[in-house]
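Chemist: What follows is upload.cif; its format and atoms are mmCIF, C-alpha atoms.
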data_target
#
loop_
_atom_site.group_PDB
_atom_site.id
_atom_site.type_symbol
_atom_site.label_atom_id
_atom_site.label_comp_id
_atom_site.auth_asym_id
_atom_site.auth_seq_id
_atom_site.Cartn_x
_atom_site.Cartn_y
_atom_site.Cartn_z
ATOM 1 C CA MET A 935 95.601 -73.461 17.592
ATOM 2 C CA ASN A 936 94.260 -70.818 15.185
ATOM 3 C CA LYS A 937 96.792 -71.256 12.368
ATOM 4 C CA ALA A 938 96.540 -73.694 9.483
ATOM 5 C CA LEU A 939 99.097 -74.597 6.825
ATOM 6 C CA LEU A 940 97.705 -75.742 3.476
ATOM 7 C CA TYR A 941 100.161 -77.771 1.403
ATOM 8 C CA ILE A 942 99.878 -77.760 -2.401
ATOM 9 C CA HIS A 943 102.021 -80.423 -4.066
ATOM 10 C CA GLY A 944 103.890 -80.293 -7.357
ATOM 11 C CA LYS A 945 103.470 -82.396 -10.493
ATOM 12 C CA GLY A 946 103.118 -86.067 -9.674
ATOM 13 C CA GLY A 947 102.812 -85.366 -5.951
ATOM 14 C CA ASN A 948 100.005 -85.816 -3.467
ATOM 15 C CA SER A 949 98.559 -84.395 -0.277
ATOM 16 C CA GLN A 950 100.324 -86.980 1.925
ATOM 17 C CA GLU A 951 103.642 -85.220 1.304
ATOM 18 C CA VAL A 952 102.579 -82.754 3.982
ATOM 19 C CA GLU A 953 103.473 -85.394 6.597
ATOM 20 C CA GLN A 954 107.208 -84.965 5.931
ATOM 21 C CA TYR A 955 106.895 -81.242 6.629
ATOM 22 C CA ARG A 956 104.631 -81.449 9.683
ATOM 23 C CA PRO A 957 107.478 -81.861 12.262
ATOM 24 C CA TYR A 958 109.015 -78.579 11.082
ATOM 25 C CA CYS A 959 105.783 -76.558 11.268
ATOM 26 C CA ILE A 960 105.016 -77.137 14.926
ATOM 27 C CA ASN A 961 102.792 -74.081 15.404
ATOM 28 C CA TYR A 962 100.389 -75.022 12.614
ATOM 29 C CA ASP A 963 97.642 -77.493 11.885
ATOM 30 C CA CYS A 964 98.887 -78.966 8.607
ATOM 31 C CA CYS A 965 96.814 -80.431 5.814
ATOM 32 C CA GLY A 966 97.273 -81.103 2.123
ATOM 33 C CA VAL A 967 95.115 -80.859 -0.952
ATOM 34 C CA ASP A 968 95.035 -83.287 -3.882
ATOM 35 C CA PHE A 969 94.368 -82.227 -7.458
ATOM 36 C CA ASN A 970 94.454 -84.443 -10.518
ATOM 37 C CA TYR A 971 94.060 -81.682 -13.068
ATOM 38 C CA LEU A 972 97.049 -79.995 -14.665
ATOM 39 C CA MET A 973 94.980 -77.242 -16.277
ATOM 40 C CA PRO A 974 95.359 -74.201 -14.002
ATOM 41 C CA ASP A 975 91.635 -73.420 -13.780
ATOM 42 C CA LYS A 976 90.673 -76.913 -12.615
ATOM 43 C CA ALA A 977 93.545 -77.172 -10.141
ATOM 44 C CA GLY A 978 92.737 -73.671 -8.926
ATOM 45 C CA GLU A 979 89.114 -74.536 -8.198
ATOM 46 C CA ILE A 980 90.187 -77.402 -5.942
ATOM 47 C CA ILE A 981 92.793 -75.300 -4.131
ATOM 48 C CA LEU A 982 90.374 -72.419 -3.576
ATOM 49 C CA THR A 983 87.677 -74.741 -2.245
ATOM 50 C CA SER A 984 90.142 -76.245 0.239
ATOM 51 C CA PHE A 985 91.233 -72.779 1.330
ATOM 52 C CA LYS A 986 87.644 -71.654 1.903
ATOM 53 C CA LYS A 987 86.883 -74.730 4.000
ATOM 54 C CA LEU A 988 89.911 -74.022 6.189
ATOM 55 C CA SER A 989 88.805 -70.392 6.504
ATOM 56 C CA GLU A 990 85.680 -71.574 8.295
ATOM 57 C CA ARG A 991 87.798 -73.084 11.100
ATOM 58 C CA TYR A 992 90.977 -71.011 11.312
ATOM 59 C CA GLU A 993 91.749 -67.343 11.780
ATOM 60 C CA LYS A 994 95.008 -67.455 9.841
ATOM 61 C CA ILE A 995 95.889 -69.657 6.874
ATOM 62 C CA PHE A 996 99.385 -70.068 5.473
ATOM 63 C CA ILE A 997 100.283 -71.990 2.348
ATOM 64 C CA LEU A 998 103.247 -74.215 1.543
ATOM 65 C CA ALA A 999 103.546 -75.010 -2.149
ATOM 66 C CA ASN A 1000 106.004 -76.930 -4.276
ATOM 67 C CA SER A 1001 107.001 -76.278 -7.923
ATOM 68 C CA ILE A 1002 103.928 -75.947 -10.160
ATOM 69 C CA GLY A 1003 101.803 -76.049 -7.013
ATOM 70 C CA ALA A 1004 103.102 -72.561 -6.242
ATOM 71 C CA TYR A 1005 101.929 -71.290 -9.626
ATOM 72 C CA PHE A 1006 98.494 -72.869 -9.182
ATOM 73 C CA SER A 1007 98.303 -71.397 -5.680
ATOM 74 C CA MET A 1008 99.071 -67.887 -6.839
ATOM 75 C CA LEU A 1009 96.426 -68.108 -9.550
ATOM 76 C CA ALA A 1010 93.804 -69.570 -7.216
ATOM 77 C CA LEU A 1011 94.445 -67.547 -4.076
ATOM 78 C CA GLN A 1012 95.615 -64.137 -5.278
ATOM 79 C CA ASN A 1013 92.348 -62.586 -4.055
ATOM 80 C CA SER A 1014 92.151 -64.621 -0.845
ATOM 81 C CA PRO A 1015 93.348 -63.620 2.659
ATOM 82 C CA VAL A 1016 96.471 -65.775 2.743
ATOM 83 C CA GLU A 1017 98.533 -64.854 5.787
ATOM 84 C CA LYS A 1018 101.873 -65.846 4.233
ATOM 85 C CA ALA A 1019 103.230 -68.212 1.581
ATOM 86 C CA PHE A 1020 106.211 -70.564 1.637
ATOM 87 C CA PHE A 1021 107.334 -71.720 -1.826
ATOM 88 C CA ILE A 1022 109.765 -74.538 -2.620
ATOM 89 C CA SER A 1023 111.293 -74.359 -6.128
ATOM 90 C CA PRO A 1024 108.301 -72.390 -7.407
ATOM 91 C CA ILE A 1025 107.292 -71.950 -11.021
ATOM 92 C CA LEU A 1026 107.030 -68.150 -11.096
ATOM 93 C CA ASP A 1027 106.725 -67.407 -14.822
ATOM 94 C CA MET A 1028 104.663 -70.121 -16.478
ATOM 95 C CA GLU A 1029 104.626 -68.459 -19.891
ATOM 96 C CA LYS A 1030 108.426 -68.337 -19.972
ATOM 97 C CA LEU A 1031 108.655 -71.982 -18.920
ATOM 98 C CA ILE A 1032 106.272 -73.048 -21.681
ATOM 99 C CA LEU A 1033 108.188 -71.027 -24.269
ATOM 100 C CA ASP A 1034 111.458 -72.518 -22.989
ATOM 101 C CA MET A 1035 110.030 -76.024 -23.371
ATOM 102 C CA MET A 1036 108.859 -75.191 -26.874
ATOM 103 C CA ASN A 1037 112.370 -74.037 -27.690
ATOM 104 C CA TRP A 1038 113.899 -77.210 -26.224
ATOM 105 C CA ALA A 1039 111.511 -79.271 -28.366
ATOM 106 C CA GLY A 1040 112.002 -77.163 -31.492
ATOM 107 C CA VAL A 1041 108.308 -76.253 -31.597
ATOM 108 C CA THR A 1042 107.097 -72.887 -32.897
ATOM 109 C CA GLU A 1043 103.958 -71.111 -31.713
ATOM 110 C CA LYS A 1044 102.482 -71.458 -35.178
ATOM 111 C CA GLU A 1045 103.007 -75.209 -35.095
ATOM 112 C CA LEU A 1046 101.577 -75.523 -31.584
ATOM 113 C CA PHE A 1047 98.434 -73.554 -32.371
ATOM 114 C CA GLU A 1048 97.922 -75.513 -35.568
ATOM 115 C CA LYS A 1049 98.214 -78.909 -33.849
ATOM 116 C CA GLY A 1050 96.656 -77.954 -30.509
ATOM 117 C CA GLU A 1051 98.851 -80.318 -28.497
ATOM 118 C CA ILE A 1052 102.345 -81.713 -28.956
ATOM 119 C CA ILE A 1053 104.107 -84.378 -26.868
ATOM 120 C CA THR A 1054 107.803 -83.579 -26.557
ATOM 121 C CA ASP A 1055 110.678 -86.080 -26.645
ATOM 122 C CA PHE A 1056 111.279 -85.317 -22.956
ATOM 123 C CA GLY A 1057 107.739 -86.327 -21.990
ATOM 124 C CA GLU A 1058 106.013 -82.973 -21.521
ATOM 125 C CA LYS A 1059 102.768 -82.149 -23.295
ATOM 126 C CA LEU A 1060 102.642 -78.715 -24.883
ATOM 127 C CA SER A 1061 99.154 -77.267 -25.237
ATOM 128 C CA CYS A 1062 97.989 -74.139 -27.029
ATOM 129 C CA LYS A 1063 94.958 -74.053 -24.705
ATOM 130 C CA TYR A 1064 97.262 -74.028 -21.687
ATOM 131 C CA LEU A 1065 99.497 -71.299 -23.145
ATOM 132 C CA ARG A 1066 96.479 -69.183 -24.023
ATOM 133 C CA TYR A 1067 95.080 -69.549 -20.490
ATOM 134 C CA VAL A 1068 98.387 -68.500 -18.926
ATOM 135 C CA ARG A 1069 98.558 -65.401 -21.097
ATOM 136 C CA ASP A 1070 94.947 -64.476 -20.401
ATOM 137 C CA ASN A 1071 95.364 -64.820 -16.621
ATOM 138 C CA PRO A 1072 98.455 -62.940 -15.425
ATOM 139 C CA LEU A 1073 99.495 -63.274 -11.805
ATOM 140 C CA LYS A 1074 98.631 -60.532 -9.309
ATOM 141 C CA TRP A 1075 100.359 -61.770 -6.179
ATOM 142 C CA ASN A 1076 100.682 -59.426 -3.195
ATOM 143 C CA ILE A 1077 101.070 -61.961 -0.389
ATOM 144 C CA GLU A 1078 104.167 -61.970 1.799
ATOM 145 C CA THR A 1079 106.234 -64.873 0.479
ATOM 146 C CA GLU A 1080 109.336 -66.869 1.422
ATOM 147 C CA ILE A 1081 111.042 -68.721 -1.447
ATOM 148 C CA LEU A 1082 113.500 -71.610 -1.314
ATOM 149 C CA TYR A 1083 115.429 -71.914 -4.575
ATOM 150 C CA GLY A 1084 118.103 -74.348 -5.737
ATOM 151 C CA GLU A 1085 121.081 -72.766 -7.443
ATOM 152 C CA LYS A 1086 120.947 -75.366 -10.227
ATOM 153 C CA ASP A 1087 117.185 -75.262 -10.803
ATOM 154 C CA ASN A 1088 116.708 -76.290 -14.440
ATOM 155 C CA LEU A 1089 113.120 -75.044 -14.790
ATOM 156 C CA THR A 1090 113.238 -71.551 -13.299
ATOM 157 C CA SER A 1091 116.234 -69.311 -13.922
ATOM 158 C CA PHE A 1092 117.739 -67.106 -11.239
ATOM 159 C CA GLU A 1093 116.851 -64.100 -13.401
ATOM 160 C CA THR A 1094 113.181 -65.113 -13.246
ATOM 161 C CA VAL A 1095 113.324 -65.543 -9.473
ATOM 162 C CA ASN A 1096 115.147 -62.260 -9.000
ATOM 163 C CA ASP A 1097 112.610 -60.452 -11.174
ATOM 164 C CA PHE A 1098 109.783 -61.905 -9.071
ATOM 165 C CA ILE A 1099 111.515 -60.884 -5.834
ATOM 166 C CA ASN A 1100 111.935 -57.314 -7.065
ATOM 167 C CA LYS A 1101 108.277 -57.026 -8.070
ATOM 168 C CA HIS A 1102 106.639 -58.788 -5.127
ATOM 169 C CA ASN A 1103 106.697 -58.925 -1.353
ATOM 170 C CA ALA A 1104 109.075 -61.885 -1.287
ATOM 171 C CA LYS A 1105 112.284 -63.058 0.367
ATOM 172 C CA LEU A 1106 114.706 -65.525 -1.174
ATOM 173 C CA THR A 1107 116.878 -68.296 0.229
ATOM 174 C CA VAL A 1108 119.225 -70.004 -2.243
ATOM 175 C CA MET A 1109 120.803 -73.399 -1.686
ATOM 176 C CA LYS A 1110 124.200 -73.666 -3.345
ATOM 177 C CA ASN A 1111 124.186 -76.633 -5.749
ATOM 178 C CA GLY A 1112 120.509 -77.231 -4.971
ATOM 179 C CA GLU A 1113 118.239 -78.538 -7.739
ATOM 180 C CA HIS A 1114 114.605 -77.971 -8.703
ATOM 181 C CA TRP A 1115 113.744 -81.270 -7.053
ATOM 182 C CA PHE A 1116 115.051 -81.290 -3.490
ATOM 183 C CA HIS A 1117 115.677 -84.990 -2.856
ATOM 184 C CA THR A 1118 119.182 -85.785 -1.590
ATOM 185 C CA PRO A 1119 119.754 -86.022 2.199
ATOM 186 C CA GLU A 1120 121.753 -82.785 2.110
ATOM 187 C CA GLN A 1121 119.074 -80.979 0.125
ATOM 188 C CA MET A 1122 116.272 -82.227 2.361
ATOM 189 C CA ASP A 1123 118.157 -81.188 5.503
ATOM 190 C CA PHE A 1124 118.565 -77.713 4.006
ATOM 191 C CA LEU A 1125 114.861 -77.604 3.101
ATOM 192 C CA TYR A 1126 113.736 -78.719 6.558
ATOM 193 C CA HIS A 1127 115.988 -76.175 8.281
ATOM 194 C CA TRP A 1128 114.661 -73.430 6.000
ATOM 195 C CA LEU A 1129 111.052 -74.416 6.653
ATOM 196 C CA LYS A 1130 111.534 -74.575 10.410
ATOM 197 C CA THR A 1131 113.110 -71.107 10.324
ATOM 198 C CA VAL A 1132 110.522 -69.347 8.150
ATOM 199 C CA THR A 1133 107.533 -70.864 9.973
ATOM 200 C CA ALA A 1134 108.901 -70.130 13.449
ATOM 201 C CA ASN A 1135 107.005 -66.853 13.928
#
Show me this structure written as structure tokens.
Modeler:
Amino acid sequence: MNKALLYIHGKGGNSQEVEQYRPYCINYDCCGVDFNYLMPDKAGEIILTSFKKLSERYEKIFILANSIGAYFSMLALQNSPVEKAFFISPILDMEKLILDMMNWAGVTEKELFEKGEIITDFGEKLSCKYLRYVRDNPLKWNIETEILYGEKDNLTSFETVNDFINKHNAKLTVMKNGEHWFHTPEQMDFLYHWLKTVTAN
């Protein structure tokens, strides 16, 4: 087998999640990567190193990424020979998400840059360093991409997804009533069917 699938988890996830996807990616050697850093540059270094190691053994490397893992993957691998990407509930516009969270928390940019970091009432940490990094490192993603999106995703709007689709080489599948976190039996069945379909070729 000359094809590998590298799985990049979302926030709070781990590399072992790849095992639940393995039965639906039968033509691939599947492996996952763990990263403990939530700063994009640190996470990106780990993802890129894993990709390079796989490149020594496989002719073609595909990536499967979930949520913020998709954002980290695009940052880390935008200049790498990724054969194709499969994204589940991807974060596609990190700057917009940060600004949305600031708005939800009633935090202004001035306040954030004065304090450096702010912990919101809903448990997210806002960081001026993170926001600055995102703005200084725009995405340049030209890899063929399949996206699975839940209709009721509360982190990424359909407008953001549609804008990404129009600007990139991407195809979209939307699950009616699906959420950002695919977790119910119905949602997982939909996800598995989607993954089996898009990885079939």
Chemist: With a distance cut-off of 7 Å and all atoms listed in the file, select the neighbouring residues of A:Glu1085, excluding the residue or stretch itself and same-chain residues fewer than 5 positions from it, and output the selection as a PDB file with C-alpha atoms, in the frame of the given file.
Modeler:
ATOM      1  CA  VAL A1108     119.225 -70.004  -2.243  1.00  0.00           C
ATOM      2  CA  MET A1109     120.803 -73.399  -1.686  1.00  0.00           C
ATOM      3  CA  LYS A1110     124.200 -73.666  -3.345  1.00  0.00           C
ATOM      4  CA  ASN A1111     124.186 -76.633  -5.749  1.00  0.00           C
ATOM      5  CA  GLY A1112     120.509 -77.231  -4.971  1.00  0.00           C
ATOM      6  CA  GLU A1113     118.239 -78.538  -7.739  1.00  0.00           C
TER       7      GLU A1113
END
Chemist: Of the residues A:Asp1027, A:Glu993, A:Tyr1126, A:Ile960, which is the one nearest to A:Tyr1005, using only C-alpha atoms?
Modeler: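 Between A:Asp1027, A:Glu993, A:Tyr1126, A:Ile960, the residue approaching A:Tyr1005 most closely is A:Asp1027.
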Chemist: Considering all atoms listed in the file, state which residue in the set A:Ile1081, A:Ala1134, A:Ile1032, A:Leu1106 is at the smallest distance from A:Ile1052.
Modeler: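 Nearest candidate to A:Ile1052 out of A:Ile1081, A:Ala1134, A:Ile1032, A:Leu1106: A:Ile1032.
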Chemist: Just the residues within 10 Å of A:Ser1091, please, counting only C-alpha atoms, with nothing from its chain fewer than 4 positions along; format it as number ranges by chain.
Modeler: A: 1025-1027, 1030-1031, 1083-1087, 1095-1097
Chemist: Can you turn the PyMOL selection byres ((chain A and resi 1015) around 12) into a concrete residue list for this file, as a ChimeraX atom specification?
Modeler: /A:982,985-986,988-989,992-997,1008,1010-1014,1016-1019,1075-1078
Chemist: Keeping only C-alpha atoms, write those residues as a compact mmCIF listing (two decimals), in the coordinates of the input.
Modeler:
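File written: part-v2.txt
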# COMPACT_ATOMS: atom_id res chain seq x y z
CA LEU A 982 90.37 -72.42 -3.58
CA PHE A 985 91.23 -72.78 1.33
CA LYS A 986 87.64 -71.65 1.90
CA LEU A 988 89.91 -74.02 6.19
CA SER A 989 88.80 -70.39 6.50
CA TYR A 992 90.98 -71.01 11.31
CA GLU A 993 91.75 -67.34 11.78
CA LYS A 994 95.01 -67.46 9.84
CA ILE A 995 95.89 -69.66 6.87
CA PHE A 996 99.38 -70.07 5.47
CA ILE A 997 100.28 -71.99 2.35
CA MET A 1008 99.07 -67.89 -6.84
CA ALA A 1010 93.80 -69.57 -7.22
CA LEU A 1011 94.44 -67.55 -4.08
CA GLN A 1012 95.62 -64.14 -5.28
CA ASN A 1013 92.35 -62.59 -4.06
CA SER A 1014 92.15 -64.62 -0.84
CA VAL A 1016 96.47 -65.78 2.74
CA GLU A 1017 98.53 -64.85 5.79
CA LYS A 1018 101.87 -65.85 4.23
CA ALA A 1019 103.23 -68.21 1.58
CA TRP A 1075 100.36 -61.77 -6.18
CA ASN A 1076 100.68 -59.43 -3.20
CA ILE A 1077 101.07 -61.96 -0.39
CA GLU A 1078 104.17 -61.97 1.80
Chemist: If you measure from atom CA of A:Glu1058 to atom CA of A:Gly946, what distance in Å do you get, rounded to one decimal?
Modeler: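 Atom CA of A:Gly946 lies at a distance of 12.6 Å from atom CA of A:Glu1058.
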Chemist: Would you translate the PyMOL selection byres ((chain A and resi 963-970) around 6) into the concrete set of residues it matches in this file, as a tab-separated table (two decimals) with C-alpha atoms, in the frame of the given file?
Modeler:
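Saved as expr18.tsv:
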chain	number	residue	atom	x	y	z
A	938	ALA	CA	96.54	-73.69	9.48
A	939	LEU	CA	99.10	-74.60	6.82
A	940	LEU	CA	97.70	-75.74	3.48
A	941	TYR	CA	100.16	-77.77	1.40
A	942	ILE	CA	99.88	-77.76	-2.40
A	948	ASN	CA	100.00	-85.82	-3.47
A	949	SER	CA	98.56	-84.40	-0.28
A	952	VAL	CA	102.58	-82.75	3.98
A	962	TYR	CA	100.39	-75.02	12.61
A	971	TYR	CA	94.06	-81.68	-13.07
A	977	ALA	CA	93.54	-77.17	-10.14
Chemist: Find, counting all atoms listed in the file, the residue in A:Asp1123, A:Glu1029, A:Asp1055, A:Asp1070 that gets nearest to A:Gln954.
Modeler: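 Looking at the shortest contact to A:Gln954, the residue is A:Asp1123.
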Chemist: Which residue is closest to A:Asn1088? Choose from A:Thr1107, A:Thr1118, A:Thr1054, A:Ser1023 and count all atoms listed in the file.
Modeler: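 Closest to A:Asn1088, using all atoms listed in the file: A:Ser1023.
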Chemist: Between A:Asn961, A:Ser984, A:Asn936, A:Asn1037, which one has atoms that come closest to A:Val1132, using all atoms listed in the file?
Modeler: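 Selected residue with least distance to A:Val1132: A:Asn961.
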Chemist: Select, from A:Thr1079, A:Tyr955, A:Leu1060, A:Phe1021, the residue with the minimum atom-to-atom distance to A:Ala1039, counting all atoms listed in the file.
Modeler: A:Leu1060
Chemist: How many Å lie between atom CA of A:Leu1125 and atom CA of A:Leu972, rounded to one decimal?
Modeler: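 Atom-to-atom, atom CA of A:Leu1125 and atom CA of A:Leu972 are spaced 25.3 Å apart.
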Chemist: Box for stretch 994-1000 of chain A - axis-aligned, 4 Å on each of the six sides, all listed atoms - centre and size in Å to one decimal, as AutoDock Vina command-line options.
Modeler:
--center_x 100.5 --center_y -72.2 --center_z 2.8 --size_x 19.0 --size_y 17.5 --size_z 22.1
Chemist: Please evaluate the PyMOL selection byres ((chain A and resi 973) around 10) against the structure above and give the resulting residues as an MDAnalysis selection string.
Modeler: chainID A and resid 970:972 974:978 1006 1061 1063:1064 1067:1068
Chemist: Using the selection just defined, write its residues with C-alpha atoms as a PDB file, in the coordinates of the input.
Modeler:
ATOM      1  CA  ASN A 970      94.454 -84.443 -10.518  1.00  0.00           C
ATOM      2  CA  TYR A 971      94.060 -81.682 -13.068  1.00  0.00           C
ATOM      3  CA  LEU A 972      97.049 -79.995 -14.665  1.00  0.00           C
ATOM      4  CA  PRO A 974      95.359 -74.201 -14.002  1.00  0.00           C
ATOM      5  CA  ASP A 975      91.635 -73.420 -13.780  1.00  0.00           C
ATOM      6  CA  LYS A 976      90.673 -76.913 -12.615  1.00  0.00           C
ATOM      7  CA  ALA A 977      93.545 -77.172 -10.141  1.00  0.00           C
ATOM      8  CA  GLY A 978      92.737 -73.671  -8.926  1.00  0.00           C
ATOM      9  CA  PHE A1006      98.494 -72.869  -9.182  1.00  0.00           C
ATOM     10  CA  SER A1061      99.154 -77.267 -25.237  1.00  0.00           C
ATOM     11  CA  LYS A1063      94.958 -74.053 -24.705  1.00  0.00           C
ATOM     12  CA  TYR A1064      97.262 -74.028 -21.687  1.00  0.00           C
ATOM     13  CA  TYR A1067      95.080 -69.549 -20.490  1.00  0.00           C
ATOM     14  CA  VAL A1068      98.387 -68.500 -18.926  1.00  0.00           C
TER      15      VAL A1068
END
Chemist: What's the separation between atom CA of A:Lys1101 and atom CA of A:His1114, in Å to one decimal place?
Modeler: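 So the answer is 21.9 Å.
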Chemist: Write out as a PyMOL selection string the residues lying within 8 Å of A:Cys959, counting only C-alpha atoms and excluding same-chain residues fewer than 6 positions away.
Modeler: chain A and resi 1129-1130+1133-1134
